[in-house]
$ cat coords_16.cif   # mmCIF, C-alpha atoms
data_query
loop_
_atom_site.group_PDB
_atom_site.id
_atom_site.type_symbol
_atom_site.label_atom_id
_atom_site.label_comp_id
_atom_site.auth_asym_id
_atom_site.auth_seq_id
_atom_site.Cartn_x
_atom_site.Cartn_y
_atom_site.Cartn_z
ATOM 1 C CA MET A 1 45.487 -45.083 -65.522
ATOM 2 C CA PRO A 2 41.996 -43.776 -64.897
ATOM 3 C CA GLU A 3 41.617 -41.550 -61.875
ATOM 4 C CA SER A 4 39.886 -43.306 -59.013
ATOM 5 C CA ILE A 5 36.741 -41.729 -57.722
ATOM 6 C CA ALA A 6 35.720 -42.039 -54.069
ATOM 7 C CA PRO A 7 32.145 -42.974 -53.321
ATOM 8 C CA ALA A 8 29.923 -39.884 -53.126
ATOM 9 C CA ASP A 9 28.717 -40.750 -49.619
ATOM 10 C CA ARG A 10 32.227 -40.943 -48.156
ATOM 11 C CA PRO A 11 33.097 -37.680 -46.369
ATOM 12 C CA ARG A 12 36.257 -35.943 -47.408
ATOM 13 C CA ILE A 13 38.943 -35.670 -44.769
ATOM 14 C CA ALA A 14 38.433 -31.909 -44.522
ATOM 15 C CA ASP A 15 34.706 -32.403 -43.914
ATOM 16 C CA ARG A 16 34.988 -35.079 -41.244
ATOM 17 C CA ILE A 17 33.628 -34.084 -37.846
ATOM 18 C CA GLN A 18 35.606 -35.235 -34.864
ATOM 19 C CA PRO A 19 33.642 -36.613 -31.905
ATOM 20 C CA GLY A 20 32.757 -33.951 -29.309
ATOM 21 C CA THR A 21 33.134 -30.944 -31.626
ATOM 22 C CA GLN A 22 30.666 -28.626 -33.372
ATOM 23 C CA PRO A 23 30.977 -26.712 -36.568
ATOM 24 C CA ARG A 24 32.038 -23.125 -35.932
ATOM 25 C CA HIS A 25 28.842 -21.704 -37.397
ATOM 26 C CA ASP A 26 26.776 -23.839 -34.966
ATOM 27 C CA ARG A 27 28.798 -22.566 -32.007
ATOM 28 C CA ASN A 28 28.281 -18.982 -33.168
ATOM 29 C CA SER A 29 24.551 -19.562 -33.564
ATOM 30 C CA ALA A 30 24.264 -20.997 -30.051
ATOM 31 C CA ALA A 31 26.170 -18.059 -28.555
ATOM 32 C CA ALA A 32 23.951 -15.606 -30.449
ATOM 33 C CA ALA A 33 20.830 -17.366 -29.202
ATOM 34 C CA ARG A 34 22.047 -17.207 -25.600
ATOM 35 C CA LEU A 35 22.856 -13.519 -25.985
ATOM 36 C CA ALA A 36 19.426 -12.822 -27.477
ATOM 37 C CA TRP A 37 17.756 -14.708 -24.618
ATOM 38 C CA LEU A 38 19.764 -12.704 -22.075
ATOM 39 C CA ARG A 39 18.824 -9.406 -23.737
ATOM 40 C CA GLU A 40 15.147 -10.361 -23.767
ATOM 41 C CA THR A 41 15.258 -11.453 -20.122
ATOM 42 C CA VAL A 42 16.916 -8.200 -19.043
ATOM 43 C CA MET A 43 14.369 -6.220 -21.055
ATOM 44 C CA VAL A 44 11.426 -8.071 -19.502
ATOM 45 C CA ILE A 45 12.802 -7.531 -15.985
ATOM 46 C CA ALA A 46 13.426 -3.843 -16.691
ATOM 47 C CA ILE A 47 9.897 -3.371 -18.036
ATOM 48 C CA ALA A 48 8.420 -5.230 -15.054
ATOM 49 C CA LEU A 49 10.390 -3.045 -12.637
ATOM 50 C CA ALA A 50 9.312 0.102 -14.453
ATOM 51 C CA ILE A 51 5.660 -0.935 -14.368
ATOM 52 C CA SER A 52 5.955 -1.854 -10.684
ATOM 53 C CA LEU A 53 7.505 1.524 -9.898
ATOM 54 C CA VAL A 54 4.821 3.427 -11.806
ATOM 55 C CA VAL A 55 2.017 1.428 -10.214
ATOM 56 C CA LYS A 56 3.433 1.781 -6.689
ATOM 57 C CA THR A 57 4.257 5.464 -7.127
ATOM 58 C CA PHE A 58 1.051 6.630 -8.760
ATOM 59 C CA LEU A 59 -1.658 3.973 -8.513
ATOM 60 C CA VAL A 60 -1.646 1.453 -5.656
ATOM 61 C CA GLN A 61 0.628 0.345 -2.854
ATOM 62 C CA ALA A 62 0.556 -2.532 -0.398
ATOM 63 C CA PHE A 63 0.745 -2.073 3.379
ATOM 64 C CA TYR A 64 0.404 -4.343 6.363
ATOM 65 C CA ILE A 65 -1.459 -3.605 9.582
ATOM 66 C CA PRO A 66 0.777 -3.593 12.684
ATOM 67 C CA SER A 67 -1.732 -2.827 15.452
ATOM 68 C CA SER A 68 -5.279 -3.413 16.670
ATOM 69 C CA SER A 69 -6.453 0.213 16.406
ATOM 70 C CA MET A 70 -8.714 -0.541 13.416
ATOM 71 C CA GLU A 71 -10.262 -3.808 14.647
ATOM 72 C CA ASP A 72 -12.481 -5.446 13.614
ATOM 73 C CA THR A 73 -12.362 -3.737 10.228
ATOM 74 C CA LEU A 74 -8.646 -4.545 10.009
ATOM 75 C CA ALA A 75 -6.741 -7.136 12.004
ATOM 76 C CA ILE A 76 -3.071 -7.287 12.905
ATOM 77 C CA ASN A 77 -0.982 -8.493 9.935
ATOM 78 C CA ASP A 78 -3.727 -7.896 7.369
ATOM 79 C CA ARG A 79 -2.325 -6.913 3.974
ATOM 80 C CA ILE A 80 -4.179 -4.108 2.262
ATOM 81 C CA LEU A 81 -4.055 -2.241 -1.046
ATOM 82 C CA VAL A 82 -4.166 1.539 -0.988
ATOM 83 C CA ASN A 83 -5.442 3.672 -3.875
ATOM 84 C CA LYS A 84 -2.864 6.448 -4.205
ATOM 85 C CA LEU A 85 -4.883 8.431 -6.752
ATOM 86 C CA VAL A 86 -7.341 9.619 -4.107
ATOM 87 C CA PRO A 87 -5.264 12.445 -2.556
ATOM 88 C CA ALA A 88 -4.333 13.764 -6.001
ATOM 89 C CA THR A 89 -7.965 14.026 -7.066
ATOM 90 C CA GLY A 90 -9.127 15.385 -3.699
ATOM 91 C CA ASP A 91 -11.717 12.614 -3.545
ATOM 92 C CA ILE A 92 -11.543 11.962 0.210
ATOM 93 C CA THR A 93 -14.878 11.543 1.941
ATOM 94 C CA ARG A 94 -16.095 10.980 5.484
ATOM 95 C CA GLY A 95 -15.931 7.305 6.340
ATOM 96 C CA ASP A 96 -12.909 6.556 4.142
ATOM 97 C CA VAL A 97 -10.123 4.481 5.643
ATOM 98 C CA VAL A 98 -6.909 6.325 4.798
ATOM 99 C CA VAL A 99 -3.180 5.765 5.179
ATOM 100 C CA PHE A 100 -1.151 8.845 6.064
ATOM 101 C CA THR A 101 2.341 9.735 7.167
ATOM 102 C CA ASP A 102 2.904 10.712 10.781
ATOM 103 C CA PRO A 103 1.858 14.362 11.253
ATOM 104 C CA GLY A 104 4.454 14.602 14.017
ATOM 105 C CA GLY A 105 4.881 12.593 17.196
ATOM 106 C CA TRP A 106 1.983 10.182 16.706
ATOM 107 C CA LEU A 107 4.279 7.173 16.412
ATOM 108 C CA GLY A 108 6.680 8.127 19.179
ATOM 109 C CA ALA A 109 10.376 7.372 18.880
ATOM 110 C CA ALA A 110 11.554 5.947 15.574
ATOM 111 C CA PRO A 111 12.379 2.213 15.685
ATOM 112 C CA ALA A 112 15.994 1.138 15.484
ATOM 113 C CA GLU A 113 17.281 0.710 11.954
ATOM 114 C CA PRO A 114 18.004 -2.881 10.874
ATOM 115 C CA ASN A 115 21.512 -3.805 9.757
ATOM 116 C CA VAL A 116 22.611 -2.491 6.372
ATOM 117 C CA ALA A 117 22.355 -5.807 4.528
ATOM 118 C CA LYS A 118 18.819 -6.456 5.758
ATOM 119 C CA ARG A 119 17.793 -2.876 4.986
ATOM 120 C CA VAL A 120 19.049 -3.195 1.396
ATOM 121 C CA ILE A 121 17.216 -6.491 0.858
ATOM 122 C CA VAL A 122 13.984 -5.117 2.311
ATOM 123 C CA ASP A 123 14.263 -1.930 0.244
ATOM 124 C CA VAL A 124 14.822 -3.870 -2.985
ATOM 125 C CA LEU A 125 11.949 -6.303 -2.370
ATOM 126 C CA THR A 126 9.668 -3.439 -1.377
ATOM 127 C CA PHE A 127 10.676 -1.427 -4.446
ATOM 128 C CA ILE A 128 9.718 -4.210 -6.841
ATOM 129 C CA GLY A 129 6.542 -5.004 -4.896
ATOM 130 C CA ILE A 130 7.399 -8.525 -3.730
ATOM 131 C CA ILE A 131 6.778 -7.548 -0.113
ATOM 132 C CA PRO A 132 4.407 -4.809 1.084
ATOM 133 C CA HIS A 133 5.679 -1.514 2.326
ATOM 134 C CA ASP A 134 5.816 -1.638 6.108
ATOM 135 C CA ALA A 135 3.979 0.820 8.309
ATOM 136 C CA GLY A 136 7.089 2.229 9.962
ATOM 137 C CA GLU A 137 6.235 5.815 9.030
ATOM 138 C CA HIS A 138 2.520 5.459 8.352
ATOM 139 C CA LEU A 139 -0.750 5.225 10.209
ATOM 140 C CA ILE A 140 -4.201 4.104 9.163
ATOM 141 C CA LYS A 141 -7.473 5.548 10.496
ATOM 142 C CA ARG A 142 -10.999 6.387 9.395
ATOM 143 C CA VAL A 143 -11.849 9.899 8.208
ATOM 144 C CA ILE A 144 -14.502 11.409 10.484
ATOM 145 C CA GLY A 145 -14.247 15.115 9.742
ATOM 146 C CA LEU A 146 -13.416 17.058 6.574
ATOM 147 C CA PRO A 147 -12.220 20.670 6.438
ATOM 148 C CA GLY A 148 -14.780 22.933 8.137
ATOM 149 C CA ASP A 149 -16.676 20.111 9.866
ATOM 150 C CA GLU A 150 -17.740 20.371 13.491
ATOM 151 C CA VAL A 151 -17.001 17.033 15.151
ATOM 152 C CA SER A 152 -18.061 16.290 18.710
ATOM 153 C CA CYS A 153 -18.741 13.476 21.090
ATOM 154 C CA CYS A 154 -20.783 12.440 22.706
ATOM 155 C CA THR A 155 -24.515 13.164 22.304
ATOM 156 C CA LEU A 156 -27.020 12.337 25.049
ATOM 157 C CA ASP A 157 -27.370 8.961 23.346
ATOM 158 C CA GLY A 158 -23.602 8.473 23.425
ATOM 159 C CA GLN A 159 -23.053 8.970 19.690
ATOM 160 C CA LEU A 160 -20.502 10.819 17.619
ATOM 161 C CA SER A 161 -21.827 13.961 15.916
ATOM 162 C CA VAL A 162 -20.689 15.684 12.698
ATOM 163 C CA ASN A 163 -22.212 19.086 11.839
ATOM 164 C CA GLY A 164 -24.995 18.407 14.295
ATOM 165 C CA THR A 165 -25.915 14.979 12.867
ATOM 166 C CA ALA A 166 -25.554 11.941 15.108
ATOM 167 C CA ILE A 167 -23.643 9.150 13.399
ATOM 168 C CA ASP A 168 -24.486 5.451 13.544
ATOM 169 C CA GLU A 169 -21.130 3.655 13.323
ATOM 170 C CA PRO A 170 -21.566 -0.046 12.510
ATOM 171 C CA TYR A 171 -17.852 -0.364 11.740
ATOM 172 C CA LEU A 172 -16.865 0.125 15.401
ATOM 173 C CA LYS A 173 -15.424 -2.888 17.164
ATOM 174 C CA PRO A 174 -18.221 -4.582 19.122
ATOM 175 C CA GLY A 175 -18.298 -3.471 22.732
ATOM 176 C CA VAL A 176 -16.421 -0.173 22.323
ATOM 177 C CA THR A 177 -18.008 3.271 22.647
ATOM 178 C CA PRO A 178 -17.661 6.095 20.093
ATOM 179 C CA SER A 179 -15.289 7.833 22.532
ATOM 180 C CA ASP A 180 -14.159 7.299 26.094
ATOM 181 C CA TYR A 181 -14.083 11.059 26.665
ATOM 182 C CA ASP A 182 -15.886 14.115 25.336
ATOM 183 C CA PHE A 183 -14.431 16.488 22.765
ATOM 184 C CA GLU A 184 -15.568 19.161 20.325
ATOM 185 C CA VAL A 185 -13.480 20.451 17.414
ATOM 186 C CA VAL A 186 -13.772 22.336 14.143
ATOM 187 C CA VAL A 187 -11.537 20.859 11.443
ATOM 188 C CA PRO A 188 -9.306 23.547 9.912
ATOM 189 C CA GLU A 189 -8.878 24.028 6.173
ATOM 190 C CA GLY A 190 -6.525 21.574 4.555
ATOM 191 C CA SER A 191 -6.871 19.014 7.352
ATOM 192 C CA LEU A 192 -8.777 15.909 8.456
ATOM 193 C CA TRP A 193 -10.042 14.552 11.765
ATOM 194 C CA VAL A 194 -9.408 10.801 11.964
ATOM 195 C CA MET A 195 -10.319 8.067 14.429
ATOM 196 C CA GLY A 196 -9.713 4.326 14.747
ATOM 197 C CA ASP A 197 -12.524 1.777 14.707
ATOM 198 C CA ASN A 198 -11.258 0.261 17.963
ATOM 199 C CA ARG A 199 -11.771 3.546 19.827
ATOM 200 C CA SER A 200 -10.622 2.341 23.240
ATOM 201 C CA ASN A 201 -7.292 1.239 21.743
ATOM 202 C CA SER A 202 -6.615 3.940 19.168
ATOM 203 C CA ALA A 203 -4.264 6.877 19.681
ATOM 204 C CA ASP A 204 -5.998 8.919 16.989
ATOM 205 C CA SER A 205 -6.824 12.611 16.585
ATOM 206 C CA ARG A 206 -8.362 12.706 20.080
ATOM 207 C CA ALA A 207 -5.081 11.689 21.707
ATOM 208 C CA HIS A 208 -3.237 14.617 20.118
ATOM 209 C CA LEU A 209 -5.611 17.484 20.812
ATOM 210 C CA GLY A 210 -2.989 19.210 22.952
ATOM 211 C CA ASP A 211 -0.091 18.585 20.572
ATOM 212 C CA PRO A 212 1.187 20.928 17.860
ATOM 213 C CA GLY A 213 -1.294 20.568 15.019
ATOM 214 C CA GLY A 214 -4.172 19.886 17.414
ATOM 215 C CA GLY A 215 -4.619 16.258 16.361
ATOM 216 C CA PHE A 216 -5.511 17.174 12.777
ATOM 217 C CA VAL A 217 -3.941 15.411 9.783
ATOM 218 C CA PRO A 218 -2.821 17.647 6.883
ATOM 219 C CA LEU A 219 -4.304 16.532 3.578
ATOM 220 C CA GLY A 220 -0.784 16.539 2.150
ATOM 221 C CA ASN A 221 0.125 13.693 4.508
ATOM 222 C CA VAL A 222 -2.505 11.348 3.074
ATOM 223 C CA VAL A 223 -0.914 8.559 1.029
ATOM 224 C CA GLY A 224 -4.191 7.104 -0.191
ATOM 225 C CA ARG A 225 -7.459 5.363 0.584
ATOM 226 C CA ALA A 226 -7.425 1.726 1.670
ATOM 227 C CA VAL A 227 -9.688 -0.146 -0.726
ATOM 228 C CA VAL A 228 -9.302 -3.869 -0.126
ATOM 229 C CA VAL A 229 -7.902 -6.491 2.220
ATOM 230 C CA MET A 230 -5.906 -8.842 -0.015
ATOM 231 C CA TRP A 231 -4.429 -11.170 2.618
ATOM 232 C CA PRO A 232 -5.160 -13.455 4.398
ATOM 233 C CA LEU A 233 -7.558 -15.043 1.957
ATOM 234 C CA ASP A 234 -10.251 -15.667 4.546
ATOM 235 C CA ARG A 235 -10.406 -11.898 5.218
ATOM 236 C CA MET A 236 -10.200 -10.764 1.623
ATOM 237 C CA GLY A 237 -12.766 -8.094 0.801
ATOM 238 C CA SER A 238 -13.579 -4.459 0.128
ATOM 239 C CA LEU A 239 -13.104 -1.728 2.739
ATOM 240 C CA GLY A 240 -15.924 0.396 1.374
ATOM 241 C CA GLY A 241 -19.247 1.049 3.060
ATOM 242 C CA GLY A 242 -18.215 3.293 5.933
ATOM 243 C CA GLN A 243 -19.166 6.318 3.868
ATOM 244 C CA ASP A 244 -22.843 5.368 4.170
ATOM 245 C CA SER A 245 -22.840 6.297 7.857
ATOM 246 C CA PHE A 246 -22.230 9.941 6.911
ATOM 247 C CA ALA A 247 -24.741 10.192 4.057
ATOM 248 C CA ALA A 248 -27.071 12.457 6.057
ATOM 249 C CA VAL A 249 -24.343 14.847 7.218
ATOM 250 C CA ALA A 250 -24.802 18.361 5.839
ATOM 251 C CA ASP A 251 -21.917 20.453 4.560
ATOM 252 C CA PRO A 252 -20.319 22.712 7.169
ATOM 253 C CA ARG A 253 -21.845 26.144 7.586
#
$ encode --input "coords_16.cif" --output "structure tokens"
Amino acid sequence: MPESIAPADRPRIADRIQPGTQPRHDRNSAAAARLAWLRETVMVIAIALAISLVVKTFLVQAFYIPSSSMEDTLAINDRILVNKLVPATGDITRGDVVVFTDPGGWLGAAPAEPNVAKRVIVDVLTFIGIIPHDAGEHLIKRVIGLPGDEVSCCTLDGQLSVNGTAIDEPYLKPGVTPSDYDFEVVVPEGSLWVMGDNRSNSADSRAHLGDPGGGFVPLGNVVGRAVVVMWPLDRMGSLGGGQDSFAAVADPR
């Protein structure tokens, strides 16, 4: 009897696919694709974190403004970007707005630490740059005197003077005077004399004349120069221009 031949389009029993199952090679391919996607995702996150760390450590860092000492140049809760390359290059000039760490006692008693869980979350989000670094250990003021400068206030016209040159200060908050009390200092080497733009509400170098360090800020404490307000959007803009007020000041003798 001739051997019967099954139609060519009829699947053999061994080749039949049961409902709800996949061939083994398809399952392996799907698992490999998921693993490859996971590896790529982890790599992208790692690279992003590395770039964020490098940028924050060496280039720029975000801060927020907690007080009114720099009004109206900076308002409470403004978010700013700070150029961290400035201290390394020594390119600090009179009129710059700088962020610096507390030289000692300027901020008073340290605030209470938040609970551990909150501290970890804040540290992680700050590390990757999602939230700005807070100002818990930092201050922000305007540079008035460089090493060797003679800074005094006030002239007969009520102005600040640097190396004998009276300074016009358009950045001061309207209605405040250059200083509520007279002073005269010579900035030592390796230090800065700094003042807030809201002089009547700024515990700056003047307020620490009698403290250890004489109210001067060591250059090594400078984190960087504030360059731009990035938030809120209606205040976004550059923080440059204050340097123009000191263009006529001669170098110290």
$ resolve_selection --input "coords_16.cif" --expression "the PyMOL selection byres ((chain A and resi 71) around 8)" --output "ChimeraX atom specification"
/A:68-70,72-75,172-173,197-198
$ write_last_selection --input "coords_16.cif" --atoms "C-alpha atoms" --output "compact mmCIF listing (two decimals), in the frame of the given file"
# COMPACT_ATOMS: atom_id res chain seq x y z
CA SER A 68 -5.28 -3.41 16.67
CA SER A 69 -6.45 0.21 16.41
CA MET A 70 -8.71 -0.54 13.42
CA ASP A 72 -12.48 -5.45 13.61
CA THR A 73 -12.36 -3.74 10.23
CA LEU A 74 -8.65 -4.54 10.01
CA ALA A 75 -6.74 -7.14 12.00
CA LEU A 172 -16.86 0.12 15.40
CA LYS A 173 -15.42 -2.89 17.16
CA ASP A 197 -12.52 1.78 14.71
CA ASN A 198 -11.26 0.26 17.96
$ resolve_selection --input "coords_16.cif" --expression "the PyMOL selection byres ((chain A and resi 155) around 12)" --output "list in words"
Val151, Ser152, Cys153, Cys154, Leu156, Asp157, Gly158, Gln159, Leu160, Ser161, Val162, Gly164, Thr165, Ala166, Ile167, Asp168, Thr177, Pro178, Ser179, Tyr181, Asp182, Phe183 and Glu184 of chain A
$ resolve_selection --input "coords_16.cif" --expression "the PyMOL selection byres ((chain A and resi 209) around 12)" --output "PDB file with C-alpha atoms, keeping the file's coordinate frame"
ATOM      1  CA  TRP A 106       1.983  10.182  16.706  1.00  0.00           C
ATOM      2  CA  ASP A 182     -15.886  14.115  25.336  1.00  0.00           C
ATOM      3  CA  PHE A 183     -14.431  16.488  22.765  1.00  0.00           C
ATOM      4  CA  GLU A 184     -15.568  19.161  20.325  1.00  0.00           C
ATOM      5  CA  VAL A 185     -13.480  20.451  17.414  1.00  0.00           C
ATOM      6  CA  VAL A 186     -13.772  22.336  14.143  1.00  0.00           C
ATOM      7  CA  VAL A 187     -11.537  20.859  11.443  1.00  0.00           C
ATOM      8  CA  TRP A 193     -10.042  14.552  11.765  1.00  0.00           C
ATOM      9  CA  VAL A 194      -9.408  10.801  11.964  1.00  0.00           C
ATOM     10  CA  ALA A 203      -4.264   6.877  19.681  1.00  0.00           C
ATOM     11  CA  ASP A 204      -5.998   8.919  16.989  1.00  0.00           C
ATOM     12  CA  SER A 205      -6.824  12.611  16.585  1.00  0.00           C
ATOM     13  CA  ARG A 206      -8.362  12.706  20.080  1.00  0.00           C
ATOM     14  CA  ALA A 207      -5.081  11.689  21.707  1.00  0.00           C
ATOM     15  CA  HIS A 208      -3.237  14.617  20.118  1.00  0.00           C
ATOM     16  CA  GLY A 210      -2.989  19.210  22.952  1.00  0.00           C
ATOM     17  CA  ASP A 211      -0.091  18.585  20.572  1.00  0.00           C
ATOM     18  CA  PRO A 212       1.187  20.928  17.860  1.00  0.00           C
ATOM     19  CA  GLY A 213      -1.294  20.568  15.019  1.00  0.00           C
ATOM     20  CA  GLY A 214      -4.172  19.886  17.414  1.00  0.00           C
ATOM     21  CA  GLY A 215      -4.619  16.258  16.361  1.00  0.00           C
ATOM     22  CA  PHE A 216      -5.511  17.174  12.777  1.00  0.00           C
ATOM     23  CA  VAL A 217      -3.941  15.411   9.783  1.00  0.00           C
TER      24      VAL A 217
END
$ closest_residue --input "coords_16.cif" --among "A:Val97, A:Leu107, A:Leu192, A:Val60" --to "A:Leu146" --atoms "all atoms listed in the file"
A:Leu192
$ closest_residue --input "coords_16.cif" --among "A:Arg225, A:Arg94, A:Arg79, A:Arg235" --to "A:Asp149" --atoms "all atoms listed in the file"
A:Arg94
